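Notes to accompany the following structure.
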Protein chains: 2
Amino acid sequence: MALTFWYEFSSSYSYLSAMRIDAAAEAAGVQLVWQPFLLGPIFKEAGYDGSPNLVSPHKAAYMWADIGRRAAHRGIPFVQPAVFPQDSVRAARAALGVEAVHRAAFSRAVFGQVFGHGADISDPVALGEAADEVGLDAQSVMARAAAPKVKQALFAAVDAARGHGIFGAPSFVTGDGTLFWGDDRLADALAWEKSGTLALDR
Amino acid sequence: MALTFWYEFSSSYSYLSAMRIDAAAEAAGVQLVWQPFLLGPIFKEAGYDGSPNLVSPHKAAYMWADIGRRAAHRGIPFVQPAVFPQDSVRAARAALGVEAVHRAAFSRAVFGQVFGHGADISDPVALGEAADEVGLDAQSVMARAAAPKVKQALFAAVDAARGHGIFGAPSFVTGDGTLFWGDDRLADALAWEKSGTLALDR
């Protein structure tokens with residue numbers, strides 16, 4: 001049994017989870033699977049134009065303020081990227097293409113490019129820097145990302161996400177198939193995976 | 001200084017906050033103002049048809065599952081109302097019309113009608129039962145709800161909500177004007193009001 005962490009590189013709240021989930025899962029004694037996917041097709045099917053967080057200027061302003069406060073509180077860097085949402089297809093393929101043992105570290109580095117440095121990860125240079133940062137060969141990461149079986153794996157991931165009822169990110173799916181949505185549900189997802197209950201209330 | 005609790009009777013997550021906010025604020029030593037308002041006009045301006053939680057079937061299913069889990073965990077009753085979202089105009093007027101000292105108790109009773117019993121609070125009978133439950137005279141509550149100055153106060157509340165950048169409910173606005181959105185931000189809003197920081201992380 002394991003908790004699956006479904007993340008999208010263009011998702012600001014996925015960034016918040018990515019930067020703390022390994023430590024949180026270890027503290028809870030829960031096994032974790034990092035699973036990149038794409039929200040773009042799922043948002044399109046729901047009728048959103050871009051991101052549900054940009055539906056109104058008030059909601060967008062709140063999201064950036066909220067994330068800035070939470071990042072500061074947790075001591076992680078945060079920059080509002082000039083491009084949002086971003087085309088994250090190449091980044092998701094790259095994360096799926098690296099060996100599983102490198103996926104978490106590489107994914108954190110990609111998130112750091114977007115929300116720590118404000119870079120645009122549709123740019124291969126930004127992805128290459130993420131690879132460098134964690135000691136992977138940028139050229140081979142890019143080559144693997146372009147492989148047909150990796151593209152296929154990303155389509156399959158989006159289909160699997162739909163199958164779990166996923167409509168946003170981050171999402172967490174426990175071993176018994178229960179879905180939790182949002183960085184603020186991480187403690188609940190871990191508690192559910194471990195003992196079938198929610199975390200103590202806040 | 002006080003924390004203002006902005007709530008909408010048709011909002012399922014407002015119900016979760018309403019049932020615990022008095023105890024939480026008292027434990028934190030924070031003064032609280034209960035402020036009913038309407039999301040309908042604000043959602044309409046953002047282009048939503050009904051409720052953002054109904055944008056996709058997956059999101060709607062998740063919301064009801066999430067609220068059911070949280071209500072069970074907190075030991076409060078929960079029934080998915082047959083009518084959702086509901087026309088909450090009369091209920092909001094009634095809550096604004098009662099004396100301030102009765103507002104919290106009456107509002108909890110109204111929320112209990114919707115999400116504890118599954119009633120439709122566009123029905124004056126359900127509102128009358130809420131009044132009875134907390135020892136208020138149902139007829140006089142209805143009469144006050146229909147007064148022009150109460151209707152005017154509700155328009156003013158929606159305008160004030162817009163002024164705070166409110167786009168959903170529950171929302172919490174601290175004395176320094178900082179906005180927090182969602183039942184899962186209650187602990188943060190209380191900590192911010194008290195000491196200008198977020199609550200310890202979860």
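Chain labels A, B, ... are given in the sequence in which chains occur in the structure tokens; within each chain residues are numbered consecutively from 1, and ligands are likewise numbered from 1 in the order shown.
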Problem set entry | In range 15-196 of chain B, DSSP strand (DSSP E) residues written as a PyMOL selection string | chain B and resi 32-36+171-173+179-181
Write out, as an mmCIF file, in the first residue's frame, the residues just selected, with N, CA and C atoms.
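What ended up in again-v7.cif:
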```
data_model
loop_
_atom_site.group_PDB
_atom_site.id
_atom_site.type_symbol
_atom_site.label_atom_id
_atom_site.label_comp_id
_atom_site.auth_asym_id
_atom_site.auth_seq_id
_atom_site.Cartn_x
_atom_site.Cartn_y
_atom_site.Cartn_z
ATOM 1 N N LEU B 32 -15.057 37.798 17.622
ATOM 2 C CA LEU B 32 -15.617 37.321 16.360
ATOM 3 C C LEU B 32 -16.865 38.122 15.992
ATOM 4 N N VAL B 33 -17.009 38.447 14.703
ATOM 5 C CA VAL B 33 -18.229 39.060 14.173
ATOM 6 C C VAL B 33 -18.808 38.117 13.122
ATOM 7 N N TRP B 34 -20.079 37.742 13.289
ATOM 8 C CA TRP B 34 -20.763 36.886 12.306
ATOM 9 C C TRP B 34 -21.389 37.790 11.254
ATOM 10 N N GLN B 35 -21.014 37.600 9.993
ATOM 11 C CA GLN B 35 -21.482 38.459 8.907
ATOM 12 C C GLN B 35 -22.052 37.653 7.755
ATOM 13 N N PRO B 36 -23.389 37.506 7.705
ATOM 14 C CA PRO B 36 -23.974 36.806 6.563
ATOM 15 C C PRO B 36 -23.885 37.660 5.302
ATOM 16 N N SER B 171 -15.352 32.988 4.298
ATOM 17 C CA SER B 171 -14.163 33.824 4.262
ATOM 18 C C SER B 171 -13.990 34.452 5.640
ATOM 19 N N PHE B 172 -12.760 34.733 5.978
ATOM 20 C CA PHE B 172 -12.429 35.347 7.257
ATOM 21 C C PHE B 172 -11.586 36.573 6.961
ATOM 22 N N VAL B 173 -11.989 37.723 7.525
ATOM 23 C CA VAL B 173 -11.206 38.946 7.320
ATOM 24 C C VAL B 173 -10.718 39.417 8.680
ATOM 25 N N LEU B 179 -7.437 38.683 4.065
ATOM 26 C CA LEU B 179 -8.496 37.732 3.703
ATOM 27 C C LEU B 179 -7.985 36.300 3.751
ATOM 28 N N PHE B 180 -8.774 35.432 4.397
ATOM 29 C CA PHE B 180 -8.523 33.992 4.364
ATOM 30 C C PHE B 180 -9.788 33.313 3.843
ATOM 31 N N TRP B 181 -9.614 32.333 2.972
ATOM 32 C CA TRP B 181 -10.769 31.681 2.339
ATOM 33 C C TRP B 181 -10.781 30.202 2.657
#
```
Compile a residue-level contact table for chain A against chain B at a cut-off of 10 Å, reporting for every qualifying residue the shortest atom pair and its distance in Å to one decimal, with only C-alpha atoms counted, rows ordered by chain and ascending number, as a tab-separated table.
```
residue	atom	partner	partner_atom	distance
A:Ala24	CA	B:Arg202	CA	9.1
A:Ile42	CA	B:Ser56	CA	9.6
A:Phe43	CA	B:Ser56	CA	9.2
A:Glu45	CA	B:Ser56	CA	8.4
A:Ala46	CA	B:Ser56	CA	5.4
A:Gly47	CA	B:Val55	CA	7.7
A:Tyr48	CA	B:Val55	CA	8.7
A:Pro52	CA	B:Pro52	CA	8.8
A:Leu54	CA	B:Ala46	CA	9.7
A:Val55	CA	B:Ala46	CA	6.3
A:Ser56	CA	B:Ala46	CA	5.4
A:Pro57	CA	B:Gly165	CA	8.7
A:His58	CA	B:Gly165	CA	5.2
A:Lys59	CA	B:Phe167	CA	6.0
A:Ala60	CA	B:Phe167	CA	9.8
A:Ala61	CA	B:Gly165	CA	8.4
A:Tyr62	CA	B:Leu179	CA	7.6
A:Met63	CA	B:Trp181	CA	9.6
A:Ala65	CA	B:Leu179	CA	9.2
A:Asp66	CA	B:Phe180	CA	7.8
A:Arg69	CA	B:Leu198	CA	8.0
A:Arg70	CA	B:Leu198	CA	7.8
A:Ala72	CA	B:Leu198	CA	9.9
A:His73	CA	B:Leu198	CA	7.0
A:Arg74	CA	B:Asp201	CA	7.8
A:Arg162	CA	B:His58	CA	8.5
A:Gly163	CA	B:His58	CA	9.8
A:His164	CA	B:His58	CA	9.0
A:Gly165	CA	B:His58	CA	5.2
A:Ile166	CA	B:His58	CA	6.8
A:Phe167	CA	B:Lys59	CA	6.0
A:Gly168	CA	B:Lys59	CA	8.4
A:Thr178	CA	B:Ala65	CA	9.6
A:Leu179	CA	B:Tyr62	CA	7.6
A:Phe180	CA	B:Asp66	CA	7.8
A:Trp181	CA	B:Tyr62	CA	8.3
A:Asp183	CA	B:Arg202	CA	9.2
A:Asp184	CA	B:Asp184	CA	6.9
A:Arg185	CA	B:Arg202	CA	8.5
A:Leu186	CA	B:Arg202	CA	7.5
A:Ala187	CA	B:Arg202	CA	5.8
A:Asp188	CA	B:Arg202	CA	8.9
A:Thr197	CA	B:His73	CA	7.9
A:Leu198	CA	B:His73	CA	6.9
A:Ala199	CA	B:Arg202	CA	8.9
A:Leu200	CA	B:His73	CA	8.8
A:Asp201	CA	B:Arg74	CA	7.8
A:Arg202	CA	B:Ala187	CA	5.8
```
How would the residues just picked look written out with N, CA and C atoms as a tab-separated table (two decimals), in the first residue's frame?
```tsv
chain	number	residue	atom	x	y	z
A	24	ALA	N	7.00	14.70	5.22
A	24	ALA	CA	5.73	14.42	5.90
A	24	ALA	C	5.39	12.93	5.83
A	42	ILE	N	-8.00	18.04	-18.40
A	42	ILE	CA	-9.09	17.89	-17.41
A	42	ILE	C	-9.79	19.23	-17.18
A	43	PHE	N	-9.02	20.30	-17.10
A	43	PHE	CA	-9.64	21.64	-16.96
A	43	PHE	C	-10.46	21.97	-18.20
A	45	GLU	N	-12.00	19.92	-20.21
A	45	GLU	CA	-13.25	19.15	-20.16
A	45	GLU	C	-14.25	19.75	-19.18
A	46	ALA	N	-13.73	20.41	-18.11
A	46	ALA	CA	-14.62	21.04	-17.13
A	46	ALA	C	-15.06	22.43	-17.57
A	47	GLY	N	-14.53	22.88	-18.70
A	47	GLY	CA	-14.96	24.17	-19.24
A	47	GLY	C	-14.17	25.37	-18.77
A	48	TYR	N	-13.05	25.12	-18.08
A	48	TYR	CA	-12.22	26.25	-17.63
A	48	TYR	C	-11.36	26.76	-18.77
A	52	PRO	N	-8.80	27.34	-12.93
A	52	PRO	CA	-9.93	27.77	-12.10
A	52	PRO	C	-9.53	28.88	-11.13
A	54	LEU	N	-7.98	31.46	-11.93
A	54	LEU	CA	-7.98	32.74	-12.64
A	54	LEU	C	-9.38	33.14	-13.07
A	55	VAL	N	-10.40	32.47	-12.54
A	55	VAL	CA	-11.78	32.75	-12.94
A	55	VAL	C	-12.17	34.18	-12.62
A	56	SER	N	-11.73	34.70	-11.46
A	56	SER	CA	-11.98	36.10	-11.14
A	56	SER	C	-10.68	36.73	-10.66
A	57	PRO	N	-10.53	38.04	-10.89
A	57	PRO	CA	-9.31	38.73	-10.43
A	57	PRO	C	-9.15	38.62	-8.91
A	58	HIS	N	-10.26	38.62	-8.17
A	58	HIS	CA	-10.17	38.48	-6.72
A	58	HIS	C	-9.60	37.13	-6.33
A	59	LYS	N	-10.06	36.07	-7.01
A	59	LYS	CA	-9.58	34.74	-6.67
A	59	LYS	C	-8.09	34.61	-7.02
A	60	ALA	N	-7.70	35.15	-8.15
A	60	ALA	CA	-6.29	35.08	-8.55
A	60	ALA	C	-5.42	35.83	-7.54
A	61	ALA	N	-5.84	37.03	-7.15
A	61	ALA	CA	-5.05	37.82	-6.20
A	61	ALA	C	-4.93	37.07	-4.88
A	62	TYR	N	-6.03	36.44	-4.45
A	62	TYR	CA	-5.99	35.68	-3.20
A	62	TYR	C	-5.01	34.51	-3.30
A	63	MET	N	-5.07	33.78	-4.41
A	63	MET	CA	-4.20	32.62	-4.54
A	63	MET	C	-2.73	33.01	-4.39
A	65	ALA	N	-1.45	35.66	-2.93
A	65	ALA	CA	-1.17	36.10	-1.55
A	65	ALA	C	-1.10	34.91	-0.61
A	66	ASP	N	-2.03	33.97	-0.78
A	66	ASP	CA	-2.09	32.79	0.08
A	66	ASP	C	-0.82	31.95	-0.06
A	69	ARG	N	2.20	33.72	1.51
A	69	ARG	CA	2.20	33.61	2.98
A	69	ARG	C	2.65	32.22	3.41
A	70	ARG	N	2.11	31.19	2.74
A	70	ARG	CA	2.41	29.82	3.16
A	70	ARG	C	3.87	29.46	2.87
A	72	ALA	N	6.40	31.57	2.75
A	72	ALA	CA	7.22	32.29	3.73
A	72	ALA	C	7.17	31.58	5.08
A	73	HIS	N	5.98	31.15	5.46
A	73	HIS	CA	5.80	30.48	6.75
A	73	HIS	C	6.61	29.19	6.81
A	74	ARG	N	6.73	28.50	5.66
A	74	ARG	CA	7.44	27.23	5.61
A	74	ARG	C	8.92	27.40	5.25
A	162	ARG	N	-8.32	10.75	-14.40
A	162	ARG	CA	-9.78	10.82	-14.61
A	162	ARG	C	-10.47	9.66	-13.88
A	163	GLY	N	-9.87	8.48	-13.97
A	163	GLY	CA	-10.46	7.30	-13.34
A	163	GLY	C	-10.56	7.41	-11.83
A	164	HIS	N	-9.63	8.15	-11.24
A	164	HIS	CA	-9.67	8.36	-9.79
A	164	HIS	C	-10.61	9.52	-9.41
A	165	GLY	N	-11.19	10.18	-10.40
A	165	GLY	CA	-12.06	11.34	-10.12
A	165	GLY	C	-11.28	12.60	-9.85
A	166	ILE	N	-10.03	12.65	-10.28
A	166	ILE	CA	-9.18	13.82	-10.03
A	166	ILE	C	-9.62	14.98	-10.92
A	167	PHE	N	-9.76	16.16	-10.31
A	167	PHE	CA	-10.20	17.36	-11.02
A	167	PHE	C	-9.30	18.55	-10.76
A	168	GLY	N	-8.24	18.37	-9.95
A	168	GLY	CA	-7.34	19.47	-9.62
A	168	GLY	C	-6.07	18.89	-9.04
A	178	THR	N	-9.19	6.30	-1.94
A	178	THR	CA	-9.83	7.54	-1.48
A	178	THR	C	-9.05	8.75	-1.98
A	179	LEU	N	-9.79	9.71	-2.53
A	179	LEU	CA	-9.18	10.91	-3.11
A	179	LEU	C	-9.20	12.07	-2.12
A	180	PHE	N	-8.04	12.74	-2.00
A	180	PHE	CA	-7.95	13.99	-1.24
A	180	PHE	C	-7.37	15.04	-2.18
A	181	TRP	N	-7.92	16.23	-2.13
A	181	TRP	CA	-7.51	17.30	-3.04
A	181	TRP	C	-6.99	18.50	-2.28
A	183	ASP	N	-3.24	20.98	-1.19
A	183	ASP	CA	-2.12	20.94	-0.24
A	183	ASP	C	-2.62	20.90	1.20
A	184	ASP	N	-3.77	21.50	1.45
A	184	ASP	CA	-4.30	21.52	2.82
A	184	ASP	C	-4.96	20.20	3.23
A	185	ARG	N	-4.92	19.22	2.36
A	185	ARG	CA	-5.44	17.90	2.73
A	185	ARG	C	-4.32	16.87	2.90
A	186	LEU	N	-3.07	17.31	2.85
A	186	LEU	CA	-1.96	16.36	2.91
A	186	LEU	C	-1.95	15.57	4.22
A	187	ALA	N	-2.12	16.28	5.33
A	187	ALA	CA	-2.10	15.58	6.62
A	187	ALA	C	-3.24	14.56	6.71
A	188	ASP	N	-4.41	14.93	6.16
A	188	ASP	CA	-5.55	14.01	6.16
A	188	ASP	C	-5.27	12.78	5.29
A	197	THR	N	-8.39	7.28	9.13
A	197	THR	CA	-9.08	8.41	9.75
A	197	THR	C	-8.48	9.71	9.22
A	198	LEU	N	-9.14	10.83	9.51
A	198	LEU	CA	-8.54	12.12	9.19
A	198	LEU	C	-7.54	12.48	10.28
A	199	ALA	N	-6.72	13.51	10.00
A	199	ALA	CA	-5.79	14.01	11.00
A	199	ALA	C	-6.58	14.78	12.07
A	200	LEU	N	-5.97	15.05	13.17
A	200	LEU	CA	-6.63	15.88	14.18
A	200	LEU	C	-7.02	17.21	13.55
A	201	ASP	N	-8.07	17.80	14.03
A	201	ASP	CA	-8.65	18.96	13.37
A	201	ASP	C	-7.84	20.22	13.58
A	202	ARG	N	-7.92	21.09	12.56
A	202	ARG	CA	-7.37	22.42	12.67
A	202	ARG	C	-8.44	23.40	12.31
```
For this session: Could you superimpose chain B onto chain A using every C-alpha atom, matched in order, and tell me the RMSD in Å?
Result: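 Pairing the C-alpha atoms in order and fitting gives 0.0 Å.
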For this session: Write out as an MDAnalysis selection string all residues of range 110-173 of chain A that backbone DSSP assigns to helix (DSSP H, G or I).
Result: chainID A and resid 110:116 124:133 138:145 148:163
Exercise. Which distance in Å separates CA of Met1 in chain B and CA of Gln31 in chain B, to one decimal?
Worked result: 7.3 Å
Problem set entry | Contact residues around Ala126 in chain A with only C-alpha atoms at 10 Å, ignoring same-chain residues under 3 positions, as number ranges by chain | A: 91, 109-110, 113-114, 117, 119-123, 129-132
Selection from above, N, CA and C atoms, as a short mmCIF file (atom, residue, chain, number, x, y, z; two decimals), in the first residue's frame, can you write it?
```cif
data_model
loop_
_atom_site.label_atom_id
_atom_site.label_comp_id
_atom_site.auth_asym_id
_atom_site.auth_seq_id
_atom_site.Cartn_x
_atom_site.Cartn_y
_atom_site.Cartn_z
N ALA A 91 7.71 19.22 -19.41
CA ALA A 91 8.20 18.96 -18.04
C ALA A 91 7.62 17.66 -17.50
N ALA A 109 13.10 20.00 -8.36
CA ALA A 109 13.93 20.98 -9.07
C ALA A 109 13.14 21.70 -10.15
N VAL A 110 12.25 20.97 -10.84
CA VAL A 110 11.40 21.61 -11.86
C VAL A 110 10.45 22.61 -11.19
N GLN A 113 12.23 25.71 -10.40
CA GLN A 113 12.40 26.59 -11.55
C GLN A 113 11.18 27.51 -11.70
N VAL A 114 9.99 26.92 -11.59
CA VAL A 114 8.77 27.71 -11.83
C VAL A 114 8.49 28.67 -10.67
N HIS A 117 12.10 30.35 -8.90
CA HIS A 117 12.85 31.28 -9.74
C HIS A 117 11.96 32.05 -10.71
N ALA A 119 10.80 30.86 -13.55
CA ALA A 119 11.12 30.47 -14.94
C ALA A 119 9.90 29.86 -15.64
N ASP A 120 10.00 29.75 -16.96
CA ASP A 120 8.94 29.14 -17.77
C ASP A 120 9.43 27.76 -18.20
N ILE A 121 8.79 26.71 -17.68
CA ILE A 121 9.30 25.37 -17.94
C ILE A 121 8.83 24.78 -19.27
N SER A 122 8.17 25.60 -20.11
CA SER A 122 8.01 25.16 -21.50
C SER A 122 9.34 25.34 -22.22
N ASP A 123 10.26 26.08 -21.59
CA ASP A 123 11.59 26.34 -22.14
C ASP A 123 12.54 25.20 -21.74
N GLU A 129 18.30 23.07 -16.61
CA GLU A 129 18.86 23.54 -15.35
C GLU A 129 18.37 22.69 -14.18
N ALA A 130 17.10 22.30 -14.23
CA ALA A 130 16.57 21.42 -13.19
C ALA A 130 17.33 20.10 -13.18
N ALA A 131 17.60 19.56 -14.36
CA ALA A 131 18.35 18.30 -14.46
C ALA A 131 19.75 18.47 -13.88
N ASP A 132 20.46 19.52 -14.30
CA ASP A 132 21.80 19.81 -13.79
C ASP A 132 21.80 19.84 -12.26
#
```
Exercise. Which distance in Å separates CA of Trp64 in chain A and CA of Ser12 in chain A, to one decimal?
Worked result: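 Computing the Euclidean distance for CA of Trp64 in chain A and CA of Ser12 in chain A yields 8.6 Å.
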Problem set entry | Computed interatomic separation between CA of Ala82 in chain A and CA of Gly196 in chain B (Å) |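 About the pair CA of Ala82 in chain A and CA of Gly196 in chain B: they are 28.4 Å apart.
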For this session: Compare A:Phe37, A:Phe115, A:Phe106, A:Tyr7 by their minimum atom-to-atom distance to Leu136 in chain A, counting only C-alpha atoms, and give me the closest one.
Result: A:Phe106
